[in-house]
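Worksheet: one structure, shown below.
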Amino acid sequence: MADFPSKVSTQTSTPVQGGAHSTLPGLGSLRPDLGFLRSLVGALMILEIVVGLLVWALIADTPYHYYSIYGWVMFVAVFLWLVTIIFFVLYVWQLHLRFPMVPWPLVLMIFNIAALILYITGFITCAVAVQKTSIVGSHTFDKRAAASFFACVVMIAYGVSAFFTFRAWKGIGSNAATSQMAGGYS
């Protein structure tokens with residue numbers, strides 16, 4: 001019994017090897033999830049971010065502030081672009097695993113459905129207003145028409161994302177081991 005304290009280790013975690021440690025506590029284990037980047041949901045998020053940027057940049061490059069109808073399009077495009085970036089960072093850096101009490105597949109599915117509905121309204125609003133607010137053949141008309149096209153592309157991307165996140169939430173098409181390893185997005 002006398003040698004018992006010498007056999008007890010008080011170390012609660014394994015030491016970081018190779019000198020790859022962070023100065024912030026708890027962030028030393030952050031690594032990008034390349035599996036998510038290769039998944040269909042990850043690729044769709046990248047598409048939504050890039051094309052969503054095009055939507056609001058094209059509208060912002062026109063005198064949209066003269067027409068209140070484009071305020072809604074800008075709100076939808078910028079707001080959903082920022083929230084998609086936040087979800088993308090959460091999933092790429094696996095920060096969602098730090099909050100296991102949140103049902104992330106359900107949250108992502110609800111976000112994608114809400115984004116789809118908002119982009120439907122934004123696309124219809126932008127498409128209807130193009131000819132009424134600009135002269136056909138002008139640079140303003142071309143930019144707003146391109147923004148309408150790209151809003152349709154983002155709308156479709158959010159619809160496809162909603163479908164695949166619904167499948168991931170329900171667990172359709174995967175077994176438990178596959179969904180655990182790939183975060184539900186195999």
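Note on naming: chains are A, B, ... as they come in the structure tokens, residues start from 1 per chain, ligands start from 1 in the order shown.
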Go through region 20-99 of chain A and flag each residue having an atom no more than 10 Å from region 127-136 of chain A; for those, report the closest pair of atoms plus their distance in Å to one decimal, using only C-alpha atoms, ordered by chain and rising number, as CSV.
residue,atom,partner,partner_atom,distance
A:Thr62,CA,A:Ser134,CA,9.8
A:Pro63,CA,A:Ser134,CA,9.9
A:Tyr64,CA,A:Thr133,CA,9.1
A:Tyr66,CA,A:Thr133,CA,9.2
A:Tyr67,CA,A:Thr133,CA,7.5
A:Ile69,CA,A:Ala129,CA,7.4
A:Tyr70,CA,A:Ala129,CA,8.1
Selected residues written out with all heavy atoms, as a short mmCIF file (atom, residue, chain, number, x, y, z; two decimals), in the first residue's frame:
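Done, and the output landed in part_33.cif:
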data_model
loop_
_atom_site.label_atom_id
_atom_site.label_comp_id
_atom_site.auth_asym_id
_atom_site.auth_seq_id
_atom_site.Cartn_x
_atom_site.Cartn_y
_atom_site.Cartn_z
N THR A 62 -24.87 47.70 -58.52
CA THR A 62 -25.86 48.51 -59.21
C THR A 62 -26.43 49.53 -58.22
O THR A 62 -26.30 49.36 -57.01
CB THR A 62 -27.01 47.65 -59.77
OG1 THR A 62 -27.73 47.08 -58.69
CG2 THR A 62 -26.49 46.56 -60.68
N PRO A 63 -27.10 50.57 -58.71
CA PRO A 63 -27.75 51.51 -57.77
C PRO A 63 -29.03 50.91 -57.20
O PRO A 63 -30.14 51.34 -57.50
CB PRO A 63 -28.01 52.74 -58.64
CG PRO A 63 -28.05 52.24 -60.03
CD PRO A 63 -27.15 51.04 -60.09
N TYR A 64 -28.87 49.88 -56.39
CA TYR A 64 -30.02 49.14 -55.86
C TYR A 64 -30.77 49.93 -54.80
O TYR A 64 -31.94 49.70 -54.56
CB TYR A 64 -29.59 47.79 -55.28
CG TYR A 64 -28.81 47.89 -54.00
CD1 TYR A 64 -29.45 47.82 -52.78
CD2 TYR A 64 -27.44 48.07 -54.01
CE1 TYR A 64 -28.76 47.93 -51.60
CE2 TYR A 64 -26.73 48.18 -52.85
CZ TYR A 64 -27.38 48.10 -51.64
OH TYR A 64 -26.68 48.22 -50.48
N TYR A 66 -31.97 52.78 -54.81
CA TYR A 66 -33.09 53.56 -55.32
C TYR A 66 -34.39 52.74 -55.36
O TYR A 66 -35.46 53.29 -55.45
CB TYR A 66 -32.80 54.08 -56.73
CG TYR A 66 -31.65 55.06 -56.78
CD1 TYR A 66 -30.63 54.90 -57.70
CD2 TYR A 66 -31.59 56.14 -55.91
CE1 TYR A 66 -29.57 55.79 -57.76
CE2 TYR A 66 -30.53 57.04 -55.96
CZ TYR A 66 -29.53 56.86 -56.89
OH TYR A 66 -28.49 57.74 -56.94
N TYR A 67 -34.26 51.43 -55.31
CA TYR A 67 -35.41 50.54 -55.40
C TYR A 67 -35.45 49.68 -54.15
O TYR A 67 -34.55 48.86 -53.93
CB TYR A 67 -35.33 49.66 -56.65
CG TYR A 67 -35.15 50.46 -57.91
CD1 TYR A 67 -33.90 50.58 -58.50
CD2 TYR A 67 -36.22 51.10 -58.50
CE1 TYR A 67 -33.73 51.32 -59.65
CE2 TYR A 67 -36.06 51.85 -59.65
CZ TYR A 67 -34.80 51.96 -60.22
OH TYR A 67 -34.64 52.69 -61.36
N ILE A 69 -37.14 47.21 -53.47
CA ILE A 69 -37.31 45.78 -53.73
C ILE A 69 -35.98 45.03 -53.68
O ILE A 69 -35.90 43.88 -53.27
CB ILE A 69 -38.03 45.57 -55.08
CG1 ILE A 69 -38.63 44.19 -55.16
CG2 ILE A 69 -37.12 45.84 -56.26
CD1 ILE A 69 -39.65 44.05 -56.27
N TYR A 70 -34.90 45.72 -54.06
CA TYR A 70 -33.58 45.08 -54.02
C TYR A 70 -33.00 45.02 -52.61
O TYR A 70 -32.04 44.29 -52.36
CB TYR A 70 -32.60 45.78 -54.96
CG TYR A 70 -32.90 45.47 -56.41
CD1 TYR A 70 -33.39 46.43 -57.27
CD2 TYR A 70 -32.70 44.19 -56.91
CE1 TYR A 70 -33.67 46.15 -58.58
CE2 TYR A 70 -32.97 43.89 -58.22
CZ TYR A 70 -33.47 44.88 -59.05
OH TYR A 70 -33.75 44.58 -60.35
#
Show which residues sit within 9 Å of Val92 (chain A), as an mmCIF file with C-alpha atoms, in the first residue's frame. Count only C-alpha atoms, and ignore same-chain residues fewer than 4 positions away.
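Final output, saved to out-v2.cif:
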data_model
loop_
_atom_site.group_PDB
_atom_site.id
_atom_site.type_symbol
_atom_site.label_atom_id
_atom_site.label_comp_id
_atom_site.auth_asym_id
_atom_site.auth_seq_id
_atom_site.Cartn_x
_atom_site.Cartn_y
_atom_site.Cartn_z
ATOM 1 C CA ARG A 31 -7.873 19.882 -37.627
ATOM 2 C CA PRO A 32 -9.821 20.453 -40.823
ATOM 3 C CA ASP A 33 -12.227 17.694 -41.736
ATOM 4 C CA LEU A 34 -11.240 16.834 -45.300
ATOM 5 C CA GLY A 35 -13.984 14.214 -45.414
ATOM 6 C CA PHE A 36 -16.573 16.971 -45.075
ATOM 7 C CA LEU A 37 -14.929 18.958 -47.861
ATOM 8 C CA GLY A 42 -19.568 20.260 -48.180
ATOM 9 C CA PHE A 87 -21.869 26.635 -40.724
ATOM 10 C CA PHE A 88 -19.057 25.845 -43.152
#
Practice item. Could you give me the residues within region 5-182 of chain A that DSSP places in helix (DSSP H, G or I), as a PyMOL selection string? Key: chain A and resi 5-7+34-38+40-60+64-66+69-92+95-98+104-133+139-170+176-181
**Study point:** Spatial neighbours of Ile113 (chain A), 8 Å, only C-alpha atoms, chain gap at least 6 places, as a VMD selection string
**Key:** chain A and resid 158 to 159 162
For the selection you just gave me, I'd like the residues written to a file as a CSV table (one decimal), in the first residue's frame, keeping N, CA and C atoms.
chain,number,residue,atom,x,y,z
A,158,TYR,N,-29.4,25.3,-52.4
A,158,TYR,CA,-30.0,25.1,-51.1
A,158,TYR,C,-31.1,24.0,-51.1
A,159,GLY,N,-31.8,23.9,-52.2
A,159,GLY,CA,-32.8,22.8,-52.2
A,159,GLY,C,-32.2,21.4,-52.2
A,162,ALA,N,-30.9,20.8,-48.8
A,162,ALA,CA,-32.0,20.5,-47.9
A,162,ALA,C,-32.3,19.0,-48.0
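Counting only C-alpha atoms, the residue from A:Leu116, A:Val83, A:Ile110, A:Val41 that sits nearest to Ala151 (chain A) is A:Leu116.
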Check your understanding: Of the candidates A:Leu80, A:Met109, A:Ile49, A:Met74, which shows the shortest atom-to-atom distance to Asp61 (chain A), using only C-alpha atoms?
Key ->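 Answer, going by the shortest atom-to-atom distance: A:Met74.
Here the question is which of A:Ser148, A:Thr84, A:Thr140, A:Ser29 gets nearest to Phe111 (chain A) using only C-alpha atoms, and that residue is A:Thr84.
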**Study point:** Nearest to Phe79 (chain A), chosen from A:Leu40, A:Leu106, A:Leu53, A:Ala168, with only C-alpha atoms counted in the distances
**Key:**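 Smallest separation from Phe79 (chain A) among the options: A:Leu53.
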